[in-house]
Each structure stands twice: as structure tokens, then as C-alpha cells.
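As provided, upload-v6.cif (mmCIF, C-alpha atoms) reads as follows.
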data_protein
loop_
_atom_site.label_atom_id
_atom_site.label_comp_id
_atom_site.auth_asym_id
_atom_site.auth_seq_id
_atom_site.Cartn_x
_atom_site.Cartn_y
_atom_site.Cartn_z
CA MET A 169 61.22 127.31 116.19
CA THR A 170 63.06 124.10 117.05
CA GLU A 171 60.84 121.24 118.24
CA THR A 172 62.10 119.33 121.28
CA LYS A 173 60.89 116.27 123.15
CA THR A 174 61.91 114.78 126.50
CA ILE A 175 63.12 111.23 126.11
CA TYR A 176 64.99 108.80 128.34
CA VAL A 177 68.33 107.37 127.21
CA VAL A 178 69.61 104.03 128.51
CA TRP A 179 73.41 104.02 128.89
CA THR A 180 75.75 101.07 129.32
CA ASN A 181 79.49 100.61 129.45
CA THR A 182 81.48 99.25 126.51
CA ASP A 183 83.28 96.96 128.98
CA LEU A 184 80.51 94.90 130.54
CA THR A 185 82.99 92.90 132.62
CA GLU A 186 84.68 95.59 134.71
CA GLY A 187 83.11 98.85 133.56
CA ARG A 188 86.43 100.31 132.43
CA GLY A 189 85.15 101.33 129.00
CA ARG A 190 83.08 104.37 128.14
CA GLN A 191 79.35 104.96 128.49
CA VAL A 192 77.34 104.50 125.28
CA PRO A 193 73.62 104.83 124.57
CA ILE A 194 71.83 101.52 123.89
CA ALA A 195 68.14 102.48 123.94
CA TYR A 196 65.85 105.50 123.70
CA ALA A 197 62.42 105.62 125.34
CA GLU A 198 59.50 108.01 125.55
CA SER A 199 58.76 107.11 129.18
CA VAL A 200 60.85 106.53 132.27
CA SER A 201 59.13 103.16 132.83
CA THR A 202 60.16 101.98 129.36
CA ALA A 203 63.75 103.12 129.99
CA ALA A 204 63.83 101.25 133.31
CA ARG A 205 62.54 98.07 131.61
CA LEU A 206 65.09 98.36 128.79
CA ALA A 207 67.91 98.94 131.31
CA LYS A 208 67.25 95.68 133.24
CA LYS A 209 70.40 93.51 133.31
CA ARG A 210 72.06 95.52 130.52
CA GLY A 211 74.86 97.01 132.65
CA VAL A 212 78.23 95.86 133.93
CA MET A 213 78.22 92.21 135.08
CA GLY A 214 74.47 91.92 134.43
CA SER A 215 73.52 94.85 136.62
CA ASP A 216 70.88 97.33 135.52
CA ALA A 217 72.19 99.95 133.10
CA ASP A 218 71.90 103.67 133.85
CA TYR A 219 69.23 105.82 132.24
CA GLY A 220 68.42 109.48 132.29
CA LYS A 221 66.38 112.29 130.84
CA PHE A 222 67.48 113.92 127.56
CA GLU A 223 66.01 116.64 125.37
CA ALA A 224 65.86 115.33 121.81
CA VAL A 225 65.71 117.86 118.98
CA LYS A 226 63.86 117.45 115.68
CA HIS A 227 66.12 118.07 112.67
CA ASP A 228 64.90 117.60 109.09
CA GLY A 229 61.99 115.47 110.31
CA HIS A 230 64.15 113.19 112.48
CA TRP A 231 64.57 113.12 116.23
CA CYS A 232 68.23 113.60 117.21
CA ALA A 233 69.60 112.10 120.41
CA PRO A 234 73.04 110.98 121.62
CA VAL A 235 74.96 108.66 119.34
CA THR A 236 78.27 106.90 119.71
CA ILE A 237 80.90 107.87 117.16
CA GLU A 238 83.62 105.24 117.13
CA ARG A 239 87.19 106.43 117.51
CA PRO A 240 89.71 105.08 115.00
CA SER A 241 92.02 102.30 116.15
CA ASP A 242 95.78 102.58 115.62
CA ASP A 243 95.39 100.25 112.61
CA ASP A 244 92.64 102.50 111.19
CA LYS A 245 94.88 105.55 111.60
CA ALA A 246 97.77 103.78 109.84
CA ARG A 247 95.46 102.67 106.99
CA ASP A 248 94.11 106.23 106.62
CA GLU A 249 97.66 107.56 106.47
CA THR A 250 98.66 104.99 103.83
CA ASN A 251 95.56 105.73 101.76
CA ALA A 252 96.25 109.48 101.93
CA ARG A 253 99.83 108.93 100.72
CA LYS A 254 98.58 106.73 97.85
CA ALA A 255 95.95 109.31 96.87
CA ALA A 256 98.59 112.08 96.88
CA ALA A 257 100.92 109.96 94.70
CA LEU A 258 98.10 109.21 92.24
CA GLU A 259 97.20 112.89 92.05
CA LYS A 260 100.85 113.76 91.34
CA ALA A 261 100.96 111.10 88.62
CA ARG A 262 97.80 112.51 87.01
CA GLN A 263 99.24 116.03 87.12
CA LEU A 264 102.31 114.68 85.28
CA GLY A 265 100.02 113.39 82.52
CA LEU A 266 99.53 109.71 83.40
CA THR A 267 96.09 108.37 82.48
CA ASP A 268 93.98 105.86 84.39
CA ASP A 269 95.14 103.21 81.87
CA ASP A 270 98.78 104.10 82.63
CA LEU A 271 98.18 103.82 86.36
CA GLU A 272 96.37 100.50 85.93
CA ALA A 273 99.32 99.17 83.91
CA LEU A 274 101.70 100.14 86.71
CA GLN A 275 99.61 98.20 89.23
CA ALA A 276 99.48 95.05 87.07
CA LYS A 277 100.90 91.89 88.66
CA GLY A 278 104.34 90.95 87.54
CA PHE A 279 105.45 94.52 86.76
CA ARG A 280 108.95 95.35 87.98
CA ALA A 281 110.59 98.74 87.53
CA LYS A 282 114.29 98.60 86.70
#
Using C-alpha cells, write down the structure from this file.
Amino acid sequence: MTETKTIYVVWTNTDLTEGRGRQVPIAYAESVSTAARLAKKRGVMGSDADYGKFEAVKHDGHWCAPVTIERPSDDDKARDETNARKAAALEKARQLGLTDDDLEALQAKGFRAK
């Protein structure tokens, strides 16, 4: 049987100036009074943040509640793409028989292929 517990989650906006961002959790409380206290002046332009009831679930001894998973920026996506291409090239080189020492030699400063 899965153990659950009612908690109260305090939500605020990532854009505290105009509220044009997205809602993210900033606090978790066992009582509505605690959530209300933690929400004071934590919203857009110093207003009170929103809070609401949530059913937390116990998983491997830990209470699980909403979390914010950051989305990658365009720069992050480009870096991931570059790293994937480099990893694929290194794997190809290893399949062709190059050792780690060979690959390190190729990356040495001052090396120029003709």
C-alpha cells in the first residue's frame, strides 16, 4: 500500500515583476497556516504567493511532492548537440583502433593536421 499525506504547497511565479513566467513550488507545509505564513509577500510584486493542498506520496522512505525541472536553454541545447557529436566522433575513432593516448595526442595544443 502506498502511504500518502496531505501537504500544502506554496507556489510563486518565476517572473516576480509581471507574473509572466511559470508557477513553481517554493515551500511545502504540513498545515494550511504554515503555508499561508510562508506565502506572505513571496508572490508577484511582493504580493502573497498562492498555496494549495497536495497529496504527497512516500517513495523509498522519502515524501514526494511537486518539483521544478528546469528546461534547457537554447545554449544548453546547442552544447548538448556539440557534446553528442564529439562523443560519436570519439566512439568512431575508438572503433577504428585509436587508443586514449592517441586521442589525447590529437587534442594536444599546437597540433595541426596537414
Can you tell me which residues surround A:Thr170 at a distance of at most 12 Å, considering all atoms listed in the file, apart from same-chain residues fewer than 4 positions away, and format the answer as a compact mmCIF listing (two decimals) with C-alpha atoms, in the frame of the given file?
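Ended up saving to out_23.txt:
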# COMPACT_ATOMS: atom_id res chain seq x y z
CA GLU A 223 66.01 116.64 125.37
CA ALA A 224 65.86 115.33 121.81
CA VAL A 225 65.71 117.86 118.98
CA LYS A 226 63.86 117.45 115.68
CA HIS A 227 66.12 118.07 112.67
CA ASP A 228 64.90 117.60 109.09
CA GLY A 229 61.99 115.47 110.31
CA HIS A 230 64.15 113.19 112.48
CA TRP A 231 64.57 113.12 116.23
CA CYS A 232 68.23 113.60 117.21
Handout entry: Nearest to A:Ile194, chosen from A:Gly265, A:Gly214, A:Pro234, A:Pro240, with all atoms listed in the file counted in the distances
Key =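 When distances to A:Ile194 are compared using all atoms listed in the file, the smallest one comes from A:Pro234.
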Exercise for the section: Would you kindly translate the PyMOL selection byres ((chain A and resi 184) around 10) into the concrete residues it picks from this file, as an MDAnalysis selection string? Expected result: chainID A and resid 180:183 185:189 210:215
Once you have the residues from the selection above, write them out as an mmCIF file, in the coordinates of the input, restricted to C-alpha atoms.
data_model
loop_
_atom_site.group_PDB
_atom_site.id
_atom_site.type_symbol
_atom_site.label_atom_id
_atom_site.label_comp_id
_atom_site.auth_asym_id
_atom_site.auth_seq_id
_atom_site.Cartn_x
_atom_site.Cartn_y
_atom_site.Cartn_z
ATOM 1 C CA THR A 180 75.750 101.070 129.320
ATOM 2 C CA ASN A 181 79.490 100.610 129.450
ATOM 3 C CA THR A 182 81.480 99.250 126.510
ATOM 4 C CA ASP A 183 83.280 96.960 128.980
ATOM 5 C CA THR A 185 82.990 92.900 132.620
ATOM 6 C CA GLU A 186 84.680 95.590 134.710
ATOM 7 C CA GLY A 187 83.110 98.850 133.560
ATOM 8 C CA ARG A 188 86.430 100.310 132.430
ATOM 9 C CA GLY A 189 85.150 101.330 129.000
ATOM 10 C CA ARG A 210 72.060 95.520 130.520
ATOM 11 C CA GLY A 211 74.860 97.010 132.650
ATOM 12 C CA VAL A 212 78.230 95.860 133.930
ATOM 13 C CA MET A 213 78.220 92.210 135.080
ATOM 14 C CA GLY A 214 74.470 91.920 134.430
ATOM 15 C CA SER A 215 73.520 94.850 136.620
#
Exercise for the section: Would you kindly translate the PyMOL selection byres ((chain A and resi 199) around 12) into the concrete residues it picks from this file, as a list in words? Expected result: Lys173, Thr174, Ile175, Tyr176, Val177, Val178, Ala195, Tyr196, Ala197, Glu198, Val200, Ser201, Thr202, Ala203, Ala204, Arg205, Leu206, Tyr219, Gly220, Lys221 and Phe222 of chain A
Need the shell around A:Leu271: protein/DNA/RNA residues with any atom at most 10 Å away, counting only C-alpha atoms. Skip same-chain ones fewer than 5 positions apart. Format as a compact mmCIF listing (two decimals) with C-alpha atoms, in the frame of the given file?
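Output (around.txt):
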# COMPACT_ATOMS: atom_id res chain seq x y z
CA LEU A 258 98.10 109.21 92.24
CA ALA A 261 100.96 111.10 88.62
CA ARG A 262 97.80 112.51 87.01
CA LEU A 266 99.53 109.71 83.40
CA ALA A 276 99.48 95.05 87.07
Practice task
Work out how far atom CA of A:Gln275 is from atom CA of A:Thr250, in Å to one decimal.
Solution key: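 It comes out at 16.1 Å.
From atom CA of A:Asp268 back to atom CA of A:Asp243, the distance works out to 28.8 Å.
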Handout entry: Atom pair atom CA of A:Gln191 / atom CA of A:Asp216: separation (Å)
Key =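 For atom CA of A:Gln191 relative to atom CA of A:Asp216, the distance reads 13.4 Å.
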Exercise for the section: Measuring atom to atom with only C-alpha atoms, identify which of A:Asp244, A:Gly278, A:Arg239, A:Trp179 is nearest to A:Lys209. Expected result: A:Trp179
